[in-house]
Structure formats: C-alpha cells, structure tokens
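Data first, discussion second: the structure below is written as structure tokens.
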Amino acid sequence: MTFGRSGAASVVLNVGGARYSLSRELLKDFPLRRVSRLHGCRSERDVLEVCDDYDRERNEYFFDRHSEAFGFILLYVRGHGKLRFAPRMCELSFYNEMIYWGLEGAHLEYCCQRRLDDRMSDTYTFYTAEEPGTLGRDEARSGGAEAAPSRRWLERMRRTFEEPTSSLAAQILASVSVVFVIVSMVVLCASTLPDWRAAAADNRSLDDRSRYSAGPGREPSGIIEAICIGWFTAECIVRFIVSKNK
C-alpha cells in the first residue's frame, strides 16, 4: 500500500459507524474488490475515489454504507456460511450494497436469489406501468392506470406457472401438473399390456361407439387420456399468454 500513515501495520474500515481492523497484507488480496482497491491507492485523490472520507492520523477509511449489510457480506467472504439477506432490509437495498462492495447476485443463497428476482420483477412491472414513455402526460396517467392491473395480473400468473416456489398457488399448480404427467405415463404404459388391450378389444366388440362417448362401452383409458391432453393443452395456452417472450 503506497498511501497512508507510514509504519502502520493495519488499516481501519469504518462502515456506517462499525469499525473493522485489517492488516495491510490482508488488504491486498481481500475478496471484496472495493476494499482491495485501497491497497493500490497512491494519493488521497485515489483513496477518495474508493471511499467517502479518510483520516490520515488514525489511518481510518470511512464508507457511508449500511453497516449491518456489510457485516453479513464480511461474514460471507470470510467463509462463515452462505450469503443471505439482512433481516428487515429491502432485497434491492441489500443487492445495491453487494454491487458496491464488488459481489454479484450469484453469490446469494438460491432462495434469496429467487426473492431478489421476484422483487426486481415487481419493480420492473410497476415502473413500466407508471412510465409508458411515448404517451403524453395525460394519456400516460390514464393509460398507465388502466394497464397497470392487467400487467400485474399477467406478471402474477407468469410467476405462478413458471416459479413453483413463488406462492402456495404455484406449488399446488406444479403438484397438479406433475400428477397429470404421472397419470398420463401410467395409462400410456398400461395400454400396451396384453390383458389391457384384450379388455379394450372386448369393449369395442360390444359397443362400436367412440371410446370418448358417454355410453357404458367407453374405455376408461381413453377418458383419462383425453382429460390429460386437455390439461396439457390448457396449460400450454396459458403459459404462452403470460410469457414475456412469445
């Protein structure tokens, strides 16, 4: 480190009032890019491009950032568990802290990544509804107010179908879809069995009507198959309607 009080074996990071002492050698290869950049600073101007203020007498660097979020990030980079959101803190605010210190969304625990994606998706939907862009101011207010409910509804439906962990309804829908897939596979496999095929042939000989008719001679496998196909078709249509990229 070419700038700082000479002879000092360590530096002090003051993040939102919380103070952390780091050795100069540790500072060089510190996992957080913003902190490691302090090692290469050659002048006070370089230092102030990295932090908000600097006290040369105490060799202390000040960062006007969220202290609790930095504590969580510091525990993560030191190898103490996985990175999760700080309690009672907005996901987007915590993500901004991560970006500031040099981390990315991929460093988050998977469940927190999903929460961040949901919050960013909600924010995107809100701002696109509030700021149509090319419309006039009066038209934008009326048009945005009318379009906002439908866009929120489409976004809610999209998450329900594409993100099984987003809500209880999404979990139930995913479970029902899996059940239909399993039933369809079982019926398809069972229909190839000799006994099943012989029973179906006997039913057709007793009644030559369609297997999807409501008469007593209908094949149960045909009805189950028709129900499964109807479910898959309806699900495909709904997914296409709510998809962002058709």
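Letters for chains follow the order of the structure tokens (A, B, ...), residue numbers begin at 1 for each chain, and ligand numbers begin at 1 in the order shown.
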
Review point. What's the 10 Å shell around A:Gly71, counting only C-alpha atoms, without same-chain residues fewer than 6 positions away, as a ChimeraX atom specification?
Key: /A:15,18,20,86

Counting only C-alpha atoms, what are the residues of stretch 49-122 of chain A within 12 Å of stretch 21-24 of chain A, and for each of them which pair of atoms is the nearest and at what distance in Å, to one decimal? Sort the table by chain and rising number, as a Markdown table.
```
| residue | atom | partner | partner_atom | distance |
| --- | --- | --- | --- | --- |
| A:Arg58 | CA | A:Ser21 | CA | 11.4 |
| A:Asn59 | CA | A:Ser21 | CA | 10.2 |
| A:Glu60 | CA | A:Ser21 | CA | 9.0 |
| A:Tyr61 | CA | A:Ser21 | CA | 10.3 |
| A:Leu74 | CA | A:Leu22 | CA | 11.8 |
```

**OP:** Would you kindly return, as an MDAnalysis selection string, each protein, DNA or RNA residue with an atom no farther than 12 Å from any atom of stretch 237-239 of chain A, considering only C-alpha atoms and excluding same-chain residues fewer than 5 positions away?
**Re:** chainID A and resid 154:163 230:232 244:246

Go ahead and save the picked residues with N, CA, C and O atoms, as a CSV table (one decimal), in the first residue's frame.
```csv
chain,number,residue,atom,x,y,z
A,154,LEU,N,-50.9,-10.3,-15.2
A,154,LEU,CA,-50.1,-11.2,-16.1
A,154,LEU,C,-48.8,-11.6,-15.4
A,154,LEU,O,-48.4,-12.8,-15.5
A,155,GLU,N,-48.2,-10.7,-14.7
A,155,GLU,CA,-47.0,-11.0,-14.0
A,155,GLU,C,-47.2,-12.0,-12.9
A,155,GLU,O,-46.4,-12.9,-12.7
A,156,ARG,N,-48.3,-11.8,-12.2
A,156,ARG,CA,-48.6,-12.8,-11.1
A,156,ARG,C,-48.9,-14.2,-11.7
A,156,ARG,O,-48.5,-15.2,-11.1
A,157,MET,N,-49.6,-14.2,-12.8
A,157,MET,CA,-49.9,-15.5,-13.5
A,157,MET,C,-48.6,-16.1,-14.0
A,157,MET,O,-48.4,-17.4,-13.9
A,158,ARG,N,-47.7,-15.3,-14.5
A,158,ARG,CA,-46.5,-15.8,-15.0
A,158,ARG,C,-45.6,-16.5,-13.9
A,158,ARG,O,-45.1,-17.6,-14.1
A,159,ARG,N,-45.5,-15.8,-12.8
A,159,ARG,CA,-44.8,-16.4,-11.7
A,159,ARG,C,-45.4,-17.6,-11.1
A,159,ARG,O,-44.8,-18.6,-10.7
A,160,THR,N,-46.8,-17.7,-11.2
A,160,THR,CA,-47.5,-18.9,-10.7
A,160,THR,C,-47.2,-20.1,-11.5
A,160,THR,O,-47.0,-21.2,-11.0
A,161,PHE,N,-47.1,-19.9,-12.8
A,161,PHE,CA,-46.8,-21.0,-13.7
A,161,PHE,C,-45.3,-21.3,-13.9
A,161,PHE,O,-45.0,-22.5,-14.1
A,162,GLU,N,-44.5,-20.3,-13.8
A,162,GLU,CA,-43.1,-20.6,-14.1
A,162,GLU,C,-42.2,-20.7,-12.8
A,162,GLU,O,-41.0,-21.2,-12.9
A,163,GLU,N,-42.7,-20.2,-11.7
A,163,GLU,CA,-41.9,-20.3,-10.5
A,163,GLU,C,-42.6,-21.0,-9.4
A,163,GLU,O,-43.4,-20.4,-8.6
A,230,GLY,N,-56.3,-32.5,-22.4
A,230,GLY,CA,-57.0,-31.2,-22.2
A,230,GLY,C,-56.2,-30.4,-21.2
A,230,GLY,O,-56.1,-29.1,-21.4
A,231,TRP,N,-55.7,-31.0,-20.1
A,231,TRP,CA,-55.0,-30.2,-19.1
A,231,TRP,C,-53.7,-29.7,-19.7
A,231,TRP,O,-53.3,-28.5,-19.6
A,232,PHE,N,-52.9,-30.5,-20.5
A,232,PHE,CA,-51.7,-30.1,-21.1
A,232,PHE,C,-51.9,-29.0,-22.1
A,232,PHE,O,-51.1,-28.0,-22.2
A,244,LYS,N,-43.4,-13.5,-21.2
A,244,LYS,CA,-42.8,-12.2,-21.6
A,244,LYS,C,-42.3,-12.3,-23.0
A,244,LYS,O,-42.4,-11.3,-23.8
A,245,ASN,N,-41.6,-13.4,-23.4
A,245,ASN,CA,-41.0,-13.5,-24.7
A,245,ASN,C,-41.8,-14.6,-25.5
A,245,ASN,O,-41.6,-15.8,-25.2
A,246,LYS,N,-42.7,-14.2,-26.3
A,246,LYS,CA,-43.6,-15.2,-27.0
A,246,LYS,C,-42.7,-16.0,-28.0
A,246,LYS,O,-43.1,-17.1,-28.3
```

Name the residues in contact with A:Gly105 at a cut-off of 10 Å, using only C-alpha atoms, excluding same-chain residues fewer than 2 positions from it; report them as a ChimeraX atom specification.
/A:83,95-96,98-99,103,107-110,112-113,116-117

Print the selection's residues with all heavy atoms to a file, as a compact mmCIF listing (two decimals), in the first residue's frame.
```txt
# COMPACT_ATOMS: atom_id res chain seq x y z
N LEU A 83 -24.34 -16.49 1.92
CA LEU A 83 -24.79 -15.10 1.92
C LEU A 83 -26.32 -15.04 1.81
O LEU A 83 -26.89 -15.54 0.84
CB LEU A 83 -24.16 -14.32 0.77
CG LEU A 83 -24.49 -12.83 0.69
CD1 LEU A 83 -24.09 -12.13 1.97
CD2 LEU A 83 -23.80 -12.19 -0.50
N TYR A 95 -28.97 -5.76 -2.29
CA TYR A 95 -28.30 -6.05 -3.56
C TYR A 95 -27.43 -4.87 -3.99
O TYR A 95 -26.33 -5.08 -4.52
CB TYR A 95 -29.35 -6.37 -4.63
CG TYR A 95 -28.78 -6.68 -5.98
CD1 TYR A 95 -27.96 -7.79 -6.18
CD2 TYR A 95 -29.05 -5.86 -7.08
CE1 TYR A 95 -27.42 -8.08 -7.42
CE2 TYR A 95 -28.52 -6.14 -8.32
CZ TYR A 95 -27.71 -7.25 -8.49
OH TYR A 95 -27.18 -7.53 -9.73
N ASN A 96 -27.90 -3.65 -3.77
CA ASN A 96 -27.08 -2.48 -4.08
C ASN A 96 -25.80 -2.45 -3.24
O ASN A 96 -24.73 -2.06 -3.74
CB ASN A 96 -27.88 -1.20 -3.85
CG ASN A 96 -28.94 -0.98 -4.90
OD1 ASN A 96 -28.82 -1.45 -6.02
ND2 ASN A 96 -30.00 -0.26 -4.54
N MET A 98 -24.28 -5.13 -2.15
CA MET A 98 -23.43 -6.17 -2.74
C MET A 98 -22.68 -5.64 -3.96
O MET A 98 -21.47 -5.85 -4.11
CB MET A 98 -24.27 -7.38 -3.12
CG MET A 98 -24.86 -8.15 -1.96
SD MET A 98 -26.00 -9.43 -2.51
CE MET A 98 -24.96 -10.34 -3.69
N ILE A 99 -23.40 -4.95 -4.84
CA ILE A 99 -22.77 -4.39 -6.04
C ILE A 99 -21.68 -3.38 -5.66
O ILE A 99 -20.60 -3.34 -6.26
CB ILE A 99 -23.83 -3.74 -6.94
CG1 ILE A 99 -24.85 -4.78 -7.44
CG2 ILE A 99 -23.18 -3.04 -8.13
CD1 ILE A 99 -24.24 -5.88 -8.27
N LEU A 103 -19.67 -7.69 -5.12
CA LEU A 103 -20.28 -9.01 -5.26
C LEU A 103 -21.40 -8.95 -6.28
O LEU A 103 -21.84 -7.88 -6.69
CB LEU A 103 -20.82 -9.49 -3.91
CG LEU A 103 -19.80 -9.69 -2.79
CD1 LEU A 103 -20.50 -10.19 -1.53
CD2 LEU A 103 -18.70 -10.67 -3.21
N HIS A 107 -23.73 -14.75 -5.85
CA HIS A 107 -23.17 -15.10 -4.55
C HIS A 107 -24.25 -15.37 -3.51
O HIS A 107 -23.95 -15.93 -2.45
CB HIS A 107 -22.26 -13.97 -4.04
CG HIS A 107 -21.00 -13.80 -4.84
ND1 HIS A 107 -20.90 -12.93 -5.91
CD2 HIS A 107 -19.79 -14.41 -4.74
CE1 HIS A 107 -19.69 -12.99 -6.41
NE2 HIS A 107 -19.00 -13.87 -5.73
N LEU A 108 -25.49 -14.98 -3.79
CA LEU A 108 -26.57 -15.18 -2.83
C LEU A 108 -26.98 -16.65 -2.75
O LEU A 108 -26.82 -17.41 -3.71
CB LEU A 108 -27.79 -14.34 -3.23
CG LEU A 108 -27.76 -12.85 -2.91
CD1 LEU A 108 -28.91 -12.15 -3.60
CD2 LEU A 108 -27.84 -12.62 -1.39
N GLU A 109 -27.53 -17.02 -1.61
CA GLU A 109 -28.17 -18.33 -1.47
C GLU A 109 -29.33 -18.42 -2.47
O GLU A 109 -29.95 -17.42 -2.83
CB GLU A 109 -28.67 -18.51 -0.04
CG GLU A 109 -29.37 -19.81 0.24
CD GLU A 109 -28.40 -20.98 0.29
OE1 GLU A 109 -27.18 -20.76 0.11
OE2 GLU A 109 -28.86 -22.10 0.52
N TYR A 110 -29.61 -19.65 -2.94
CA TYR A 110 -30.59 -19.82 -4.02
C TYR A 110 -31.95 -19.22 -3.65
O TYR A 110 -32.59 -18.56 -4.48
CB TYR A 110 -30.74 -21.31 -4.35
CG TYR A 110 -31.75 -21.59 -5.44
CD1 TYR A 110 -31.47 -21.28 -6.76
CD2 TYR A 110 -32.98 -22.15 -5.13
CE1 TYR A 110 -32.39 -21.53 -7.76
CE2 TYR A 110 -33.91 -22.40 -6.12
CZ TYR A 110 -33.61 -22.09 -7.43
OH TYR A 110 -34.53 -22.33 -8.42
N CYS A 112 -32.61 -16.78 -1.69
CA CYS A 112 -32.52 -15.32 -1.74
C CYS A 112 -32.44 -14.81 -3.18
O CYS A 112 -32.93 -13.71 -3.48
CB CYS A 112 -31.31 -14.85 -0.94
SG CYS A 112 -31.45 -15.13 0.85
N GLN A 113 -31.82 -15.59 -4.05
CA GLN A 113 -31.82 -15.21 -5.46
C GLN A 113 -33.23 -15.15 -6.01
O GLN A 113 -33.59 -14.23 -6.77
CB GLN A 113 -30.99 -16.20 -6.26
CG GLN A 113 -29.50 -16.14 -6.00
CD GLN A 113 -28.72 -17.07 -6.91
OE1 GLN A 113 -29.13 -17.37 -8.02
NE2 GLN A 113 -27.58 -17.54 -6.43
N LEU A 116 -34.90 -12.05 -4.75
CA LEU A 116 -34.40 -10.87 -5.47
C LEU A 116 -35.01 -10.79 -6.86
O LEU A 116 -35.40 -9.71 -7.31
CB LEU A 116 -32.87 -10.94 -5.55
CG LEU A 116 -32.20 -9.80 -6.33
CD1 LEU A 116 -32.46 -8.46 -5.65
CD2 LEU A 116 -30.69 -10.05 -6.43
N ASP A 117 -35.11 -11.92 -7.55
CA ASP A 117 -35.72 -11.93 -8.88
C ASP A 117 -37.18 -11.49 -8.82
O ASP A 117 -37.64 -10.72 -9.68
CB ASP A 117 -35.62 -13.32 -9.50
CG ASP A 117 -34.18 -13.72 -9.82
OD1 ASP A 117 -33.34 -12.80 -9.93
OD2 ASP A 117 -33.91 -14.92 -9.96
```

Using only C-alpha atoms, the shortest atom-to-atom distance to A:Arg115 among A:Arg84, A:Arg34, A:Arg56, A:Arg151 belongs to A:Arg84

request  = Give me every alpha helix (DSSP H) residue in stretch 19-201 of chain A, going by DSSP on the backbone, as number ranges by chain.
outcome  = A: 24-28, 33-36, 44-50, 67-77, 91-101, 110-130, 137-162, 168-190, 194-201

Using the selection just defined, write its residues with C-alpha atoms as a short mmCIF file (atom, residue, chain, number, x, y, z; two decimals), in the first residue's frame.
```cif
data_model
loop_
_atom_site.label_atom_id
_atom_site.label_comp_id
_atom_site.auth_asym_id
_atom_site.auth_seq_id
_atom_site.Cartn_x
_atom_site.Cartn_y
_atom_site.Cartn_z
CA ARG A 24 -2.09 -4.37 5.10
CA GLU A 25 -1.20 -7.81 3.74
CA LEU A 26 -4.79 -8.98 4.08
CA LEU A 27 -5.99 -5.82 2.38
CA LYS A 28 -4.03 -6.64 -0.78
CA ARG A 33 -12.90 -5.56 -4.80
CA ARG A 34 -13.64 -2.12 -3.36
CA VAL A 35 -11.65 -2.89 -0.21
CA SER A 36 -8.72 -4.44 -2.10
CA GLU A 44 -5.54 10.94 -1.32
CA ARG A 45 -7.45 11.53 -4.51
CA ASP A 46 -7.23 7.83 -5.35
CA VAL A 47 -8.43 6.98 -1.86
CA LEU A 48 -11.46 9.27 -2.10
CA GLU A 49 -12.46 7.57 -5.34
CA VAL A 50 -12.82 4.34 -3.34
CA SER A 67 -23.23 -1.33 8.46
CA GLU A 68 -25.43 -4.41 9.03
CA ALA A 69 -25.34 -5.37 5.36
CA PHE A 70 -21.55 -5.07 5.34
CA GLY A 71 -21.40 -7.30 8.41
CA PHE A 72 -23.32 -10.03 6.57
CA ILE A 73 -21.12 -9.63 3.50
CA LEU A 74 -17.95 -9.72 5.59
CA LEU A 75 -19.02 -12.95 7.30
CA TYR A 76 -19.66 -14.49 3.88
CA VAL A 77 -16.29 -13.56 2.33
CA GLU A 91 -33.80 -7.01 -1.05
CA LEU A 92 -32.93 -4.33 -3.60
CA SER A 93 -31.09 -2.25 -0.98
CA PHE A 94 -29.04 -5.26 0.08
CA TYR A 95 -28.30 -6.05 -3.56
CA ASN A 96 -27.08 -2.48 -4.08
CA GLU A 97 -24.72 -2.96 -1.14
CA MET A 98 -23.43 -6.17 -2.74
CA ILE A 99 -22.77 -4.39 -6.04
CA TYR A 100 -21.00 -1.55 -4.23
CA TRP A 101 -18.59 -3.90 -2.46
CA TYR A 110 -30.59 -19.82 -4.02
CA CYS A 111 -33.72 -18.92 -2.02
CA CYS A 112 -32.52 -15.32 -1.74
CA GLN A 113 -31.82 -15.21 -5.46
CA ARG A 114 -35.46 -16.12 -6.09
CA ARG A 115 -36.61 -13.39 -3.69
CA LEU A 116 -34.40 -10.87 -5.47
CA ASP A 117 -35.72 -11.93 -8.88
CA ASP A 118 -39.30 -11.55 -7.66
CA ARG A 119 -38.65 -8.10 -6.22
CA MET A 120 -36.87 -6.92 -9.37
CA SER A 121 -39.70 -8.31 -11.48
CA ASP A 122 -42.29 -6.48 -9.36
CA THR A 123 -40.29 -3.25 -9.60
CA TYR A 124 -39.97 -3.60 -13.37
CA THR A 125 -43.72 -4.17 -13.72
CA PHE A 126 -44.50 -1.16 -11.52
CA TYR A 127 -42.26 1.26 -13.40
CA THR A 128 -43.29 0.08 -16.86
CA ALA A 129 -46.91 0.62 -15.84
CA GLU A 130 -46.22 4.05 -14.35
CA ARG A 137 -48.56 13.05 -19.82
CA ASP A 138 -52.37 12.95 -19.55
CA GLU A 139 -52.64 9.85 -21.72
CA ALA A 140 -49.83 8.22 -19.78
CA ARG A 141 -51.66 8.70 -16.50
CA SER A 142 -54.96 7.32 -17.76
CA GLY A 143 -53.43 4.61 -19.92
CA GLY A 144 -50.91 3.58 -17.26
CA ALA A 145 -53.62 3.37 -14.62
CA GLU A 146 -55.74 1.17 -16.85
CA ALA A 147 -52.85 -1.04 -17.95
CA ALA A 148 -51.31 -1.49 -14.51
CA PRO A 149 -53.86 -4.02 -13.13
CA SER A 150 -53.68 -6.20 -16.24
CA ARG A 151 -49.89 -6.16 -16.24
CA ARG A 152 -49.73 -7.02 -12.57
CA TRP A 153 -52.21 -9.84 -13.17
CA LEU A 154 -50.15 -11.21 -16.07
CA GLU A 155 -46.97 -10.98 -14.03
CA ARG A 156 -48.64 -12.77 -11.11
CA MET A 157 -49.88 -15.50 -13.45
CA ARG A 158 -46.45 -15.84 -15.05
CA ARG A 159 -44.79 -16.37 -11.68
CA THR A 160 -47.48 -18.85 -10.67
CA PHE A 161 -46.83 -21.02 -13.73
CA GLU A 162 -43.06 -20.58 -14.08
CA LEU A 168 -48.77 -21.58 -2.36
CA ALA A 169 -50.92 -21.48 -5.50
CA ALA A 170 -47.81 -22.02 -7.64
CA GLN A 171 -46.81 -25.04 -5.54
CA ILE A 172 -50.29 -26.55 -5.86
CA LEU A 173 -50.32 -25.93 -9.62
CA ALA A 174 -46.90 -27.55 -10.03
CA SER A 175 -48.01 -30.56 -7.99
CA VAL A 176 -51.17 -30.98 -10.09
CA SER A 177 -49.12 -30.79 -13.29
CA VAL A 178 -46.78 -33.50 -12.00
CA VAL A 179 -49.76 -35.69 -11.10
CA PHE A 180 -51.19 -35.33 -14.61
CA VAL A 181 -47.81 -36.23 -16.12
CA ILE A 182 -47.51 -39.34 -13.94
CA VAL A 183 -51.10 -40.45 -14.67
CA SER A 184 -50.59 -39.95 -18.39
CA MET A 185 -47.38 -42.01 -18.35
CA VAL A 186 -49.02 -44.81 -16.32
CA VAL A 187 -52.01 -45.00 -18.67
CA LEU A 188 -49.74 -44.96 -21.71
CA CYS A 189 -47.62 -47.81 -20.33
CA ALA A 190 -50.63 -49.81 -19.12
CA PRO A 194 -51.77 -57.65 -23.40
CA ASP A 195 -54.54 -58.01 -20.81
CA TRP A 196 -55.43 -54.33 -21.08
CA ARG A 197 -55.50 -54.48 -24.86
CA ALA A 198 -57.65 -57.63 -24.82
CA ALA A 199 -60.17 -55.97 -22.47
CA ALA A 200 -60.29 -52.91 -24.72
CA ALA A 201 -60.92 -55.11 -27.76
#
```

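Here atom CA of A:Met89 is placed at a distance of 25.4 Å from atom CA of A:Phe30.
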
Using DSSP on the backbone coordinates, identify all residues within stretch 21-170 of chain A classified as strand (DSSP E); present the result as a list in words. Ser21, Leu22, Ser23, Asp53, Tyr54, Asp55, Glu60, Tyr61, Phe62 and Phe63 of chain A
